[in-house]
$ cat input_11.txt   # compact mmCIF, C-alpha atoms
# COMPACT_ATOMS: atom_id res chain seq x y z
CA MET A 6 73.56 85.93 107.10
CA ALA A 7 70.31 84.21 106.28
CA ALA A 8 68.65 84.82 102.95
CA ALA A 9 65.69 87.19 103.23
CA GLY A 10 62.39 85.39 103.62
CA SER A 11 63.93 81.96 104.18
CA PRO A 12 62.68 79.99 107.22
CA ILE A 13 65.72 79.48 109.44
CA THR A 14 65.18 75.71 109.71
CA ALA A 15 65.05 75.40 105.90
CA LEU A 16 68.57 76.73 105.49
CA PRO A 17 71.43 74.22 105.23
CA GLY A 18 73.96 74.38 108.03
CA PHE A 19 76.08 72.54 110.56
CA CYS A 20 77.30 72.62 114.14
CA ARG A 21 80.54 74.58 114.52
CA ASP A 22 81.60 72.37 117.45
CA CYS A 23 81.04 68.81 116.19
CA LEU A 24 80.48 69.58 112.46
CA ALA A 25 77.26 67.52 112.38
CA ASP A 26 74.71 68.70 109.84
CA ALA A 27 72.15 70.93 111.57
CA GLY A 28 68.60 69.77 112.12
CA ALA A 29 66.98 71.48 115.13
CA PRO A 30 66.91 75.27 114.87
CA LYS A 31 68.55 76.20 118.18
CA ARG A 32 70.89 73.44 119.34
CA CYS A 33 72.87 70.67 117.72
CA ALA A 34 71.06 67.34 118.02
CA ALA A 35 74.38 65.51 118.23
CA CYS A 36 76.27 67.51 120.91
CA GLY A 37 73.82 70.11 122.20
CA SER A 38 75.91 73.09 121.12
CA PRO A 39 74.06 76.31 120.30
CA ARG A 40 76.72 77.28 117.75
CA ILE A 41 74.78 76.43 114.60
CA LEU A 42 75.92 78.05 111.35
CA ARG A 43 73.34 78.33 108.56
CA HIS A 44 73.32 79.93 105.14
CA VAL A 45 71.71 79.12 101.82
CA ASP A 46 75.11 79.10 100.07
CA ILE A 47 77.14 77.60 102.90
CA ALA A 48 78.34 74.62 100.86
CA ALA A 49 79.37 76.66 97.80
CA LEU A 50 81.45 79.58 99.15
CA THR A 51 85.22 79.11 99.37
CA VAL A 52 86.99 82.45 99.98
CA ALA A 53 87.68 83.29 103.61
CA HIS A 54 89.23 85.93 105.80
CA ILE A 55 90.61 84.71 109.13
CA ASP A 56 91.39 87.23 111.85
CA CYS A 57 92.86 86.39 115.26
CA ASP A 58 90.76 87.96 118.03
CA ALA A 59 92.49 90.75 120.02
CA PHE A 60 95.70 88.92 119.12
CA TYR A 61 98.32 90.44 121.45
CA ALA A 62 95.96 90.68 124.43
CA THR A 63 94.64 87.16 123.92
CA ILE A 64 98.17 85.74 123.94
CA GLU A 65 98.93 87.57 127.18
CA LYS A 66 95.78 86.11 128.76
CA ARG A 67 96.71 82.68 127.47
CA ASP A 68 100.12 82.90 129.13
CA ASP A 69 98.80 84.37 132.39
CA PRO A 70 95.45 82.80 133.35
CA SER A 71 95.04 85.30 136.21
CA LEU A 72 94.25 87.90 133.52
CA ALA A 73 91.37 85.91 132.04
CA ASP A 74 88.50 87.99 133.45
CA LYS A 75 90.36 91.31 133.64
CA PRO A 76 90.61 94.22 131.19
CA VAL A 77 94.03 93.95 129.54
CA ILE A 78 95.84 96.60 127.52
CA VAL A 79 99.03 95.85 125.63
CA GLY A 80 101.09 99.00 125.18
CA GLY A 81 103.78 101.39 126.31
CA GLY A 82 104.18 103.65 129.33
CA GLN A 83 102.05 106.61 130.30
CA ARG A 84 103.27 108.51 127.23
CA GLY A 85 102.93 105.52 124.93
CA VAL A 86 100.03 104.21 122.88
CA VAL A 87 97.76 101.16 123.00
CA ALA A 88 99.01 98.32 120.79
CA ALA A 89 96.01 96.09 121.57
CA ALA A 90 93.09 95.85 123.98
CA CYS A 91 91.11 92.80 125.03
CA TYR A 92 87.35 92.78 124.50
CA ILE A 93 86.68 93.60 128.14
CA ALA A 94 88.82 96.74 127.87
CA ARG A 95 87.07 97.65 124.62
CA THR A 96 83.75 97.89 126.43
CA TYR A 97 85.26 100.93 128.21
CA GLY A 98 86.07 102.57 124.88
CA VAL A 99 89.74 101.57 124.77
CA ARG A 100 91.05 100.95 121.25
CA SER A 101 94.31 100.41 119.40
CA ALA A 102 96.51 103.48 118.82
CA MET A 103 94.84 105.39 121.68
CA PRO A 104 97.29 107.23 123.96
CA MET A 105 97.90 105.28 127.14
CA PHE A 106 96.87 108.13 129.41
CA GLU A 107 93.46 108.22 127.73
CA ALA A 108 93.12 104.43 127.87
CA LYS A 109 93.90 104.45 131.59
CA ARG A 110 91.46 107.30 132.15
CA ARG A 111 88.69 105.32 130.50
CA CYS A 112 89.61 102.02 132.14
CA PRO A 113 91.56 102.75 135.35
CA ASP A 114 91.45 99.10 136.47
CA ALA A 115 93.07 97.79 133.29
CA ILE A 116 96.18 95.62 133.53
CA VAL A 117 98.84 97.10 131.24
CA VAL A 118 101.29 94.63 129.67
CA LYS A 119 104.35 95.60 127.66
CA PRO A 120 104.36 94.11 124.12
CA ASN A 121 106.40 90.99 123.45
CA MET A 122 106.60 91.00 119.66
CA ALA A 123 108.83 87.94 119.44
CA LYS A 124 106.19 85.87 121.27
CA TYR A 125 103.39 87.24 119.10
CA ALA A 126 105.37 86.58 115.90
CA LYS A 127 105.94 82.94 116.87
CA THR A 128 102.25 82.33 117.47
CA GLY A 129 101.44 84.13 114.22
CA ARG A 130 103.82 81.86 112.31
CA ASP A 131 102.31 78.75 113.95
CA VAL A 132 98.79 79.81 112.95
CA ARG A 133 99.91 80.62 109.41
CA LYS A 134 101.56 77.21 109.05
CA ALA A 135 98.26 75.61 110.05
CA MET A 136 96.52 77.69 107.38
CA PHE A 137 98.82 76.27 104.71
CA ASP A 138 97.74 72.79 105.79
CA LEU A 139 94.26 73.74 104.53
CA THR A 140 95.21 75.23 101.17
CA PRO A 141 98.29 76.57 99.34
CA LEU A 142 96.31 79.72 98.56
CA VAL A 143 97.01 81.73 101.73
CA GLU A 144 97.59 85.49 101.46
CA PRO A 145 98.88 86.89 104.76
CA LEU A 146 97.86 90.48 105.49
CA SER A 147 99.63 90.87 108.83
CA ILE A 148 100.89 88.85 111.74
CA ASP A 149 97.34 87.89 112.75
CA GLU A 150 95.15 87.80 109.64
CA ALA A 151 95.04 86.29 106.16
CA PHE A 152 92.85 85.50 103.17
CA LEU A 153 92.39 81.86 102.14
CA ASP A 154 90.93 80.33 98.99
CA LEU A 155 89.75 76.74 99.50
CA THR A 156 88.36 76.28 96.00
CA GLY A 157 88.87 72.69 94.87
CA THR A 158 89.86 71.35 98.32
CA GLU A 159 86.57 69.60 99.15
CA ARG A 160 87.78 66.21 97.93
CA LEU A 161 91.09 66.61 99.78
CA HIS A 162 89.42 67.35 103.12
CA GLY A 163 86.27 65.30 102.63
CA MET A 164 84.05 68.24 103.58
CA SER A 165 83.00 71.72 102.47
CA ALA A 166 85.23 74.76 102.88
CA ALA A 167 82.91 76.06 105.60
CA LYS A 168 83.35 72.91 107.70
CA VAL A 169 87.11 72.92 107.12
CA LEU A 170 87.28 76.48 108.43
CA ALA A 171 85.16 75.65 111.48
CA ARG A 172 87.42 72.71 112.22
CA PHE A 173 90.46 74.97 111.79
CA ALA A 174 89.07 77.50 114.28
CA ARG A 175 88.68 74.72 116.86
CA GLN A 176 92.22 73.51 116.14
CA VAL A 177 93.71 76.98 116.70
CA GLU A 178 91.86 77.30 119.98
CA ARG A 179 93.01 73.86 121.11
CA ASP A 180 96.63 73.96 119.92
CA PHE A 181 97.58 77.62 120.32
CA GLY A 182 95.25 78.88 123.06
CA ILE A 183 93.82 81.77 121.06
CA THR A 184 90.60 82.30 119.10
CA VAL A 185 89.89 83.41 115.55
CA SER A 186 86.94 84.87 113.70
CA VAL A 187 86.11 83.64 110.21
CA GLY A 188 84.40 85.43 107.36
CA LEU A 189 83.29 83.31 104.39
CA SER A 190 82.17 84.59 101.00
CA GLY A 191 82.87 84.43 97.29
CA ASN A 192 85.53 87.17 97.23
CA LYS A 193 88.06 88.94 99.42
CA PHE A 194 86.14 92.18 99.97
CA LEU A 195 83.06 90.45 101.33
CA ALA A 196 85.04 87.85 103.31
CA LYS A 197 86.87 90.66 105.12
CA ILE A 198 83.57 92.35 105.95
CA ALA A 199 82.07 89.07 107.18
CA SER A 200 84.93 88.34 109.59
CA ASP A 201 84.07 91.53 111.50
CA LEU A 202 80.36 90.69 111.87
CA ASP A 203 80.53 88.10 114.64
CA LYS A 204 83.59 88.83 116.81
CA PRO A 205 85.08 87.33 118.89
CA ARG A 206 85.20 83.58 118.16
CA GLY A 207 82.78 84.15 115.33
CA PHE A 208 81.91 82.74 111.93
CA ALA A 209 79.82 84.79 109.50
CA VAL A 210 78.79 84.13 105.91
CA LEU A 211 78.05 86.89 103.41
CA SER A 212 77.30 85.81 99.85
CA PRO A 213 77.74 88.01 96.76
CA ALA A 214 74.00 87.66 96.07
CA GLU A 215 73.00 89.36 99.32
CA ALA A 216 75.86 91.89 99.31
CA PRO A 217 74.14 94.80 97.49
CA ALA A 218 71.27 94.94 100.01
CA PHE A 219 73.64 94.51 102.94
CA LEU A 220 76.00 97.26 101.74
CA ALA A 221 73.38 99.81 100.63
CA PRO A 222 72.71 101.52 104.02
CA LYS A 223 76.42 101.67 104.96
CA PRO A 224 78.40 104.94 104.66
CA VAL A 225 80.82 105.13 101.74
CA GLY A 226 83.72 104.97 104.22
CA PHE A 227 82.75 101.32 104.77
CA ILE A 228 84.58 100.54 101.51
CA TYR A 229 88.27 99.90 102.09
CA GLY A 230 90.59 102.63 100.86
CA ILE A 231 88.10 105.45 101.51
CA GLY A 232 89.42 107.60 104.32
CA ALA A 233 88.00 110.74 105.87
CA ALA A 234 89.16 113.04 103.06
CA SER A 235 87.83 110.76 100.29
CA ALA A 236 84.53 110.31 102.13
CA ALA A 237 84.16 114.08 102.46
CA ARG A 238 84.81 114.54 98.74
CA LEU A 239 82.28 111.86 97.84
CA ALA A 240 79.74 113.40 100.21
CA SER A 241 80.18 116.79 98.57
CA ASP A 242 79.37 115.10 95.26
CA GLY A 243 76.22 113.55 96.72
CA TYR A 244 77.54 110.10 97.61
CA ARG A 245 77.12 109.63 101.36
CA LEU A 246 75.84 106.06 101.44
CA ILE A 247 76.89 103.06 99.41
CA ALA A 248 73.33 103.06 98.07
CA ASP A 249 74.14 106.41 96.41
CA LEU A 250 77.04 104.75 94.58
CA GLN A 251 74.82 101.85 93.55
CA ARG A 252 72.24 104.21 92.05
CA ALA A 253 74.87 106.22 90.19
CA GLY A 254 75.96 103.37 87.97
CA GLU A 255 79.42 102.39 86.78
CA SER A 256 79.61 104.66 83.73
CA ASP A 257 78.71 107.78 85.72
CA LEU A 258 81.27 107.01 88.40
CA ILE A 259 83.98 106.27 85.84
CA ALA A 260 83.24 109.57 84.07
CA ARG A 261 83.63 111.44 87.36
CA TYR A 262 86.44 109.53 89.10
CA GLY A 263 88.17 107.46 86.42
CA GLU A 264 89.62 104.12 87.51
CA GLU A 265 88.66 104.78 91.13
CA GLY A 266 85.07 105.23 89.96
CA MET A 267 85.09 101.74 88.48
CA ARG A 268 86.42 100.34 91.75
CA LEU A 269 83.70 102.12 93.76
CA ALA A 270 80.94 101.00 91.40
CA ARG A 271 81.94 97.36 91.65
CA LEU A 272 82.70 97.20 95.37
CA SER A 273 79.43 98.99 96.16
CA ARG A 274 77.71 95.92 94.68
CA GLY A 275 80.04 93.45 96.38
CA ILE A 276 82.00 92.67 93.21
CA ASP A 277 85.72 92.04 93.75
CA SER A 278 87.84 90.22 91.16
CA ARG A 279 91.08 90.17 93.17
CA ARG A 280 92.47 86.69 93.66
CA VAL A 281 93.94 85.32 96.85
CA ASN A 282 97.65 85.73 96.12
CA PRO A 283 100.03 83.57 98.18
CA ASP A 284 103.03 85.19 96.49
CA ARG A 285 102.12 88.74 97.44
CA GLU A 286 105.37 90.47 98.24
CA THR A 287 105.64 92.59 101.35
CA LYS A 288 106.56 96.02 100.00
CA SER A 289 106.89 97.87 103.27
CA ILE A 290 106.44 97.55 107.01
CA SER A 291 105.17 100.53 108.93
CA SER A 292 103.43 101.62 112.11
CA GLU A 293 101.48 104.78 112.84
CA THR A 294 99.22 106.20 115.50
CA THR A 295 96.57 108.91 115.67
CA PHE A 296 96.53 111.08 118.80
CA MET A 297 93.49 111.88 120.90
CA ARG A 298 94.79 115.47 121.05
CA ASP A 299 96.88 117.29 118.46
CA ILE A 300 100.60 117.58 119.29
CA SER A 301 103.02 120.28 118.14
CA ASP A 302 105.99 119.82 120.52
CA PHE A 303 109.01 117.83 119.45
CA ARG A 304 109.58 115.85 122.65
CA PRO A 305 106.25 113.92 122.82
CA LEU A 306 106.41 113.30 119.06
CA GLU A 307 109.95 111.96 119.48
CA GLN A 308 108.80 109.63 122.25
CA ILE A 309 105.99 108.18 120.13
CA LEU A 310 108.34 107.90 117.14
CA TRP A 311 110.70 105.73 119.20
CA GLU A 312 107.89 103.37 120.19
CA LEU A 313 106.75 103.08 116.57
CA SER A 314 110.35 102.46 115.43
CA GLU A 315 110.61 99.57 117.86
CA LYS A 316 107.36 98.08 116.54
CA VAL A 317 108.58 98.29 112.95
CA SER A 318 111.94 96.81 113.93
CA PHE A 319 110.29 93.85 115.70
CA ARG A 320 108.17 93.11 112.64
CA LEU A 321 111.16 93.34 110.30
CA LYS A 322 113.17 90.95 112.46
CA ALA A 323 110.25 88.56 112.88
CA ASN A 324 109.85 88.37 109.09
CA GLU A 325 113.62 88.29 108.47
CA LEU A 326 113.54 91.48 106.39
CA ALA A 327 115.59 94.67 106.17
CA GLY A 328 115.07 97.80 104.11
CA THR A 329 116.89 100.78 102.66
CA THR A 330 114.19 103.49 102.66
CA ILE A 331 112.90 105.12 105.85
CA THR A 332 109.70 107.14 105.53
CA LEU A 333 108.22 109.52 108.09
CA LYS A 334 104.51 110.28 107.87
CA LEU A 335 102.77 113.18 109.60
CA LYS A 336 99.15 114.29 109.37
CA THR A 337 98.35 117.84 110.40
CA ALA A 338 95.33 118.96 112.42
CA ASP A 339 93.64 119.97 109.16
CA PHE A 340 94.22 116.48 107.68
CA LYS A 341 97.08 117.42 105.34
CA ILE A 342 99.66 114.64 105.01
CA ARG A 343 103.41 115.19 105.01
CA THR A 344 105.73 112.36 103.99
CA ARG A 345 109.50 112.55 104.12
CA SER A 346 111.89 109.79 103.06
CA ARG A 347 115.57 108.97 103.34
CA SER A 348 117.50 106.28 101.51
CA LEU A 349 120.26 104.29 103.20
CA ALA A 350 123.34 102.94 101.49
CA GLN A 351 122.68 99.52 103.02
CA PRO A 352 119.57 97.82 104.46
CA THR A 353 118.74 97.87 108.17
CA HIS A 354 116.23 96.41 110.58
CA LEU A 355 117.55 98.13 113.72
CA ALA A 356 115.11 100.23 115.76
CA SER A 357 117.91 102.65 116.65
CA ARG A 358 118.75 103.26 112.99
CA ILE A 359 115.12 103.59 111.93
CA PHE A 360 114.49 106.01 114.78
CA ALA A 361 117.62 108.08 114.09
CA GLU A 362 116.61 108.67 110.48
CA GLY A 363 113.00 109.37 111.42
CA ARG A 364 114.03 111.74 114.21
CA ALA A 365 116.25 113.75 111.86
CA MET A 366 113.34 114.17 109.45
CA LEU A 367 110.94 115.01 112.28
CA GLU A 368 113.18 117.83 113.58
CA LYS A 369 112.82 119.66 110.28
CA GLU A 370 109.02 119.53 110.47
CA ILE A 371 108.66 121.16 113.89
CA ASP A 372 107.34 124.64 113.10
CA ARG A 373 104.46 125.01 115.59
CA THR A 374 102.21 122.96 113.31
CA LYS A 375 99.83 120.75 115.24
CA PHE A 376 99.87 117.10 114.22
CA ARG A 377 97.17 114.48 114.74
CA LEU A 378 99.15 111.45 113.45
CA ILE A 379 102.71 110.22 113.16
CA GLY A 380 104.06 107.12 111.46
CA ILE A 381 107.35 105.52 110.45
CA GLY A 382 107.97 102.87 107.82
CA VAL A 383 110.69 100.91 106.07
CA SER A 384 110.47 99.95 102.40
CA ASN A 385 112.64 98.59 99.58
CA LEU A 386 112.77 95.39 101.58
CA GLU A 387 114.96 92.37 101.04
CA ASP A 388 115.40 89.01 102.72
CA HIS A 389 117.64 89.14 105.74
CA ALA A 390 118.33 85.99 107.73
CA GLY A 391 121.35 87.34 109.58
CA ASP A 392 122.96 90.73 110.14
CA ALA A 393 122.19 93.34 107.50
CA LEU A 394 125.33 94.97 106.09
CA ALA A 395 124.51 98.38 107.55
CA ASP A 396 124.09 96.73 110.95
CA PHE A 397 127.46 95.03 110.49
CA LEU A 398 129.07 98.40 109.80
CA ASP A 399 127.50 99.79 112.99
CA ARG A 400 128.56 96.74 115.00
CA ARG A 401 128.38 98.25 118.49
CA SER A 402 124.81 99.47 118.06
CA ALA A 403 123.75 96.23 116.37
CA ASP A 404 125.30 94.02 119.06
CA ALA A 405 123.60 96.02 121.81
CA GLU A 406 120.20 95.89 120.15
CA HIS A 407 120.37 92.18 119.31
CA ALA A 408 121.44 91.47 122.90
CA VAL A 409 118.34 93.33 124.10
CA ASP A 410 116.21 91.30 121.66
CA ARG A 411 117.59 88.04 123.03
CA LEU A 412 116.91 89.06 126.62
CA ARG A 413 113.37 90.17 125.80
CA LYS A 414 112.70 86.95 123.91
CA LYS A 415 113.81 84.90 126.90
CA PHE A 416 112.46 86.95 129.80
CA GLY A 417 109.81 89.22 128.26
CA ARG A 418 109.82 92.79 127.06
CA ASP A 419 110.15 94.24 130.58
CA ALA A 420 113.52 92.52 131.01
CA VAL A 421 115.21 95.50 129.31
CA VAL A 422 113.73 98.98 129.03
CA LYS A 423 115.45 101.32 126.60
CA GLY A 424 116.18 104.73 128.11
CA LEU A 425 114.16 106.86 125.73
CA GLU A 426 110.95 105.01 126.54
CA PHE A 427 110.67 106.41 130.06
CA ASP A 428 112.80 109.52 129.87
CA GLU A 429 110.35 112.23 130.94
CA ASN A 430 112.75 115.17 130.61
$ encode --input "input_11.txt" --output "C-alpha cells"
Amino acid sequence: MAAAGSPITALPGFCRDCLADAGAPKRCAACGSPRILRHVDIAALTVAHIDCDAFYATIEKRDDPSLADKPVIVGGGQRGVVAAACYIARTYGVRSAMPMFEAKRRCPDAIVVKPNMAKYAKTGRDVRKAMFDLTPLVEPLSIDEAFLDLTGTERLHGMSAAKVLARFARQVERDFGITVSVGLSGNKFLAKIASDLDKPRGFAVLSPAEAPAFLAPKPVGFIYGIGAASAARLASDGYRLIADLQRAGESDLIARYGEEGMRLARLSRGIDSRRVNPDRETKSISSETTFMRDISDFRPLEQILWELSEKVSFRLKANELAGTTITLKLKTADFKIRTRSRSLAQPTHLASRIFAEGRAMLEKEIDRTKFRLIGIGVSNLEDHAGDALADFLDRRSADAEHAVDRLRKKFGRDAVVKGLEFDEN
C-alpha cells in the first residue's frame, strides 16, 4: 500500500521480476515488466507471510498442462466436499469445504480431481526447505503457508528482505511450478492480512503506521479468532467495525472483556507482539467442513467423517506424527458446538482407526439435531517415523492401509478407492 498523499513516483520500490530499483512509474526501465512494487517502508520491513496460491489445484494444473485454462476442483465424489478450487473455479463461487454437489451445480464444467496428499506434502516440504535457505526463523502454519522473519539477513543476502522475498517467489515458480503470494509488514498479524490483498502471484506491503486507517472500516470479524458468535456478541455491545474498537480504548475493552479485550484493542491498531517461532510445536491436526445445508441423518455425516479422517491421516503421515486423542466436533444449526473426545492406549495415524473412533462418538449424537459442521482431529501428538504401536497391534488393518498409501503415492489417489467413499446405500 502506498502512503496517503505520497506521489507514486516518489516512493522507493523495485521490479519484482529483475529486482532493479524502480524509476519509471508504470514499467521497469531495465526489463519492461509492469510488476513494480513500491512502498515508503519497503526497505525496512522484515516480517512476511507466504501463502501458496490455490495449492492443491495449482499442483494438479502443473502436473497436467491440459488443465491450465480450465476450472479445477480438488475433492471427493458427489457426496464429498471441495478440498481446493483453482481461481477460475472460484469465479463461479466455488470455495473450499463446499459440498461437491453444490460446487458442480455452480460450475458444471469443472474438472474434478481426487486429492493426492502425498504429492502435495512433498511439494510443501520442498517449498519449506527453500524458506529455511532465506532465514532460520520460519514458522509453518500448514502445508502451504508460513511466517518468516528476515530481520538481520540483509548482509547475508546482499539485499533487503523485500527483494529476497520477491526473488524467492520467482524461485518457487521456476523450481516447483507453483506460485505464492507474499505479505510483508512489521508483525505477523499485518503480514497475514497483506498476503491476501494481491492474490494470486501477489506481493503486498502493509506497514504498522498505516494499519489503523486500513483496519478501521473493516468488520470486527476481520480480526483472527473472532468467529460468528464472537462477532455477534461484540455487535450487541456496540462494536461492529474495527473503528469502534479503536475508539473504545484499551482500558475500556479490558474492563469489559479481560485479556481478550487487550488483544482486541491492540490488534485493532495493528499491534502484534508475537514473534515468528520456528520451534512452534504442532499440537493437533484436524479437518472440518461446513455444509451448505444442515444435516441430521447419520449416513451422510458418516460419509463426510470418513473423508475428513482420510485427510487427517494423510497429514499425520506426511508429518511423521501419530496421536492418542481423537476429537469429534459438531456445530448445530443454532451454532452450538459439541466436542467429544476419546483417548487411545497407543498412538495412531491410521484413517480407519481415526474414523472408527469418530464414528462411535458420532452415533451417540444422532438425535434428530440438525448439524451445520462436522470435524475430526487427532491430538497429543508424538514423532512417528515408522509404525505406531497401536498400528502394529492392528497389523492387518495397518498393512492394508499402508499398501493403499503406497499405491496412491505411485499411481495417484484414484488407483485405490476405499469402499465407504462411494457406497451410496
$ residues_around --input "input_11.txt" --residues "stretch 204-212 of chain A" --least-positions-apart "5" --cutoff "7 Å" --atoms "all atoms listed in the file" --output "mmCIF file with C-alpha atoms, keeping the file's coordinate frame"
data_model
loop_
_atom_site.group_PDB
_atom_site.id
_atom_site.type_symbol
_atom_site.label_atom_id
_atom_site.label_comp_id
_atom_site.auth_asym_id
_atom_site.auth_seq_id
_atom_site.Cartn_x
_atom_site.Cartn_y
_atom_site.Cartn_z
ATOM 1 C CA MET A 6 73.560 85.930 107.100
ATOM 2 C CA HIS A 44 73.320 79.930 105.140
ATOM 3 C CA ASP A 58 90.760 87.960 118.030
ATOM 4 C CA THR A 184 90.600 82.300 119.100
ATOM 5 C CA VAL A 185 89.890 83.410 115.550
ATOM 6 C CA SER A 186 86.940 84.870 113.700
ATOM 7 C CA VAL A 187 86.110 83.640 110.210
ATOM 8 C CA GLY A 188 84.400 85.430 107.360
ATOM 9 C CA LEU A 189 83.290 83.310 104.390
ATOM 10 C CA SER A 190 82.170 84.590 101.000
ATOM 11 C CA GLY A 191 82.870 84.430 97.290
ATOM 12 C CA LEU A 195 83.060 90.450 101.330
ATOM 13 C CA ALA A 199 82.070 89.070 107.180
#
$ atom_distance --input "input_11.txt" --atom1 "atom CA of A:Gly266" --atom2 "atom CA of A:Ala248"
14.4 Å
$ residues_around --input "input_11.txt" --residues "stretch 65-72 of chain A" --least-positions-apart "3" --cutoff "10 Å" --atoms "only C-alpha atoms" --output "list in words"
Phe60, Tyr61, Ala62, Lys75, Pro76, Val77, Ile78, Val79, Cys91, Ala115, Ile116, Val118, Lys119, Pro120, Asn121, Lys124, Tyr125, Phe181, Gly182 and Ile183 of chain A
$ closest_atom_pairs --input "input_11.txt" --of "stretch 281-372 of chain A" --to "stretch 377-380 of chain A" --cutoff "8 Å" --atoms "only C-alpha atoms" --output "tab-separated table"
residue	atom	partner	partner_atom	distance
A:Ser291	CA	A:Gly380	CA	7.1
A:Ser292	CA	A:Gly380	CA	5.6
A:Glu293	CA	A:Gly380	CA	3.7
A:Thr294	CA	A:Leu378	CA	5.6
A:Thr295	CA	A:Leu378	CA	4.2
A:Phe296	CA	A:Arg377	CA	5.3
A:Met297	CA	A:Arg377	CA	7.6
A:Arg298	CA	A:Arg377	CA	6.8
A:Asp299	CA	A:Arg377	CA	4.7
A:Ile300	CA	A:Arg377	CA	6.5
A:Leu306	CA	A:Ile379	CA	7.6
A:Ile309	CA	A:Ile379	CA	8.0
A:Leu310	CA	A:Gly380	CA	7.2
A:Leu313	CA	A:Gly380	CA	7.0
A:Leu333	CA	A:Gly380	CA	5.9
A:Lys334	CA	A:Gly380	CA	4.8
A:Leu335	CA	A:Ile379	CA	4.6
A:Lys336	CA	A:Leu378	CA	5.0
A:Thr337	CA	A:Arg377	CA	5.6
A:Ala338	CA	A:Arg377	CA	5.4
A:Phe340	CA	A:Arg377	CA	7.9
$ atom_distance --input "input_11.txt" --atom1 "atom CA of A:Leu258" --atom2 "atom CA of A:Ile342"
25.9 Å
$ atom_distance --input "input_11.txt" --atom1 "atom CA of A:His162" --atom2 "atom CA of A:Leu202"
26.5 Å
$ closest_residue --input "input_11.txt" --among "A:Glu144, A:Asp302, A:Glu264, A:Asp22" --to "A:Arg373" --atoms "all atoms listed in the file"
A:Asp302
$ closest_residue --input "input_11.txt" --among "A:Leu146, A:Ala240, A:Leu367, A:Ile41" --to "A:Pro305" --atoms "only C-alpha atoms"
A:Leu367
$ closest_residue --input "input_11.txt" --among "A:Leu16, A:Ala89, A:Leu239, A:Met164" --to "A:Gly28" --atoms "all atoms listed in the file"
A:Leu16
$ residues_around --input "input_11.txt" --residues "A:Phe173" --least-positions-apart "3" --cutoff "9 Å" --atoms "only C-alpha atoms" --output "JSON, numbers by chain"
{"A": [135, 136, 139, 168, 169, 170, 176, 177, 178]}
$ write_last_selection --input "input_11.txt" --atoms "C-alpha atoms" --output "mmCIF file, in the frame of the given file"
data_model
loop_
_atom_site.group_PDB
_atom_site.id
_atom_site.type_symbol
_atom_site.label_atom_id
_atom_site.label_comp_id
_atom_site.auth_asym_id
_atom_site.auth_seq_id
_atom_site.Cartn_x
_atom_site.Cartn_y
_atom_site.Cartn_z
ATOM 1 C CA ALA A 135 98.260 75.610 110.050
ATOM 2 C CA MET A 136 96.520 77.690 107.380
ATOM 3 C CA LEU A 139 94.260 73.740 104.530
ATOM 4 C CA LYS A 168 83.350 72.910 107.700
ATOM 5 C CA VAL A 169 87.110 72.920 107.120
ATOM 6 C CA LEU A 170 87.280 76.480 108.430
ATOM 7 C CA GLN A 176 92.220 73.510 116.140
ATOM 8 C CA VAL A 177 93.710 76.980 116.700
ATOM 9 C CA GLU A 178 91.860 77.300 119.980
#
$ closest_residue --input "input_11.txt" --among "A:Gly243, A:Pro213, A:Pro222, A:Pro17" --to "A:Arg274" --atoms "all atoms listed in the file"
A:Pro213
$ closest_residue --input "input_11.txt" --among "A:Tyr244, A:Arg271, A:Ala253, A:Ala171" --to "A:Pro217" --atoms "only C-alpha atoms"
A:Arg271
$ closest_residue --input "input_11.txt" --among "A:Glu312, A:Arg261, A:Asp149, A:Asp56" --to "A:Ala88" --atoms "only C-alpha atoms"
A:Glu312
$ residues_around --input "input_11.txt" --residues "A:Cys36" --least-positions-apart "2" --cutoff "10 Å" --atoms "only C-alpha atoms" --output "JSON list (two decimals) with C-alpha atoms, in the frame of the given file"
[["chain", "number", "residue", "atom", "x", "y", "z"],
["A", 20, "CYS", "CA", 77.30, 72.62, 114.14],
["A", 22, "ASP", "CA", 81.60, 72.37, 117.45],
["A", 23, "CYS", "CA", 81.04, 68.81, 116.19],
["A", 24, "LEU", "CA", 80.48, 69.58, 112.46],
["A", 25, "ALA", "CA", 77.26, 67.52, 112.38],
["A", 32, "ARG", "CA", 70.89, 73.44, 119.34],
["A", 33, "CYS", "CA", 72.87, 70.67, 117.72],
["A", 34, "ALA", "CA", 71.06, 67.34, 118.02],
["A", 38, "SER", "CA", 75.91, 73.09, 121.12],
["A", 39, "PRO", "CA", 74.06, 76.31, 120.30]]
$ residues_near_point --input "input_11.txt" --point "(103.2, 86.3, 111.8)" --cutoff "12 Å" --atoms "only C-alpha atoms" --output "compact mmCIF listing (two decimals) with C-alpha atoms, in the coordinates of the input"
# COMPACT_ATOMS: atom_id res chain seq x y z
CA ASP A 56 91.39 87.23 111.85
CA CYS A 57 92.86 86.39 115.26
CA PHE A 60 95.70 88.92 119.12
CA TYR A 61 98.32 90.44 121.45
CA MET A 122 106.60 91.00 119.66
CA ALA A 123 108.83 87.94 119.44
CA LYS A 124 106.19 85.87 121.27
CA TYR A 125 103.39 87.24 119.10
CA ALA A 126 105.37 86.58 115.90
CA LYS A 127 105.94 82.94 116.87
CA THR A 128 102.25 82.33 117.47
CA GLY A 129 101.44 84.13 114.22
CA ARG A 130 103.82 81.86 112.31
CA ASP A 131 102.31 78.75 113.95
CA VAL A 132 98.79 79.81 112.95
CA ARG A 133 99.91 80.62 109.41
CA LYS A 134 101.56 77.21 109.05
CA ALA A 135 98.26 75.61 110.05
CA MET A 136 96.52 77.69 107.38
CA GLU A 144 97.59 85.49 101.46
CA PRO A 145 98.88 86.89 104.76
CA LEU A 146 97.86 90.48 105.49
CA SER A 147 99.63 90.87 108.83
CA ILE A 148 100.89 88.85 111.74
CA ASP A 149 97.34 87.89 112.75
CA GLU A 150 95.15 87.80 109.64
CA ALA A 151 95.04 86.29 106.16
CA PHE A 319 110.29 93.85 115.70
CA ARG A 320 108.17 93.11 112.64
CA LEU A 321 111.16 93.34 110.30
CA LYS A 322 113.17 90.95 112.46
CA ALA A 323 110.25 88.56 112.88
CA ASN A 324 109.85 88.37 109.09
CA GLU A 325 113.62 88.29 108.47
$ residues_around --input "input_11.txt" --residues "stretch 232-234 of chain A" --least-positions-apart "3" --cutoff "12 Å" --atoms "all atoms listed in the file" --output "list in words"
Pro224, Val225, Gly226, Phe227, Ile228, Tyr229, Ala237, Arg238, Leu239, Ala240, Ser241, Arg245, Lys336, Asp339, Phe340, Lys341 and Ile342 of chain A
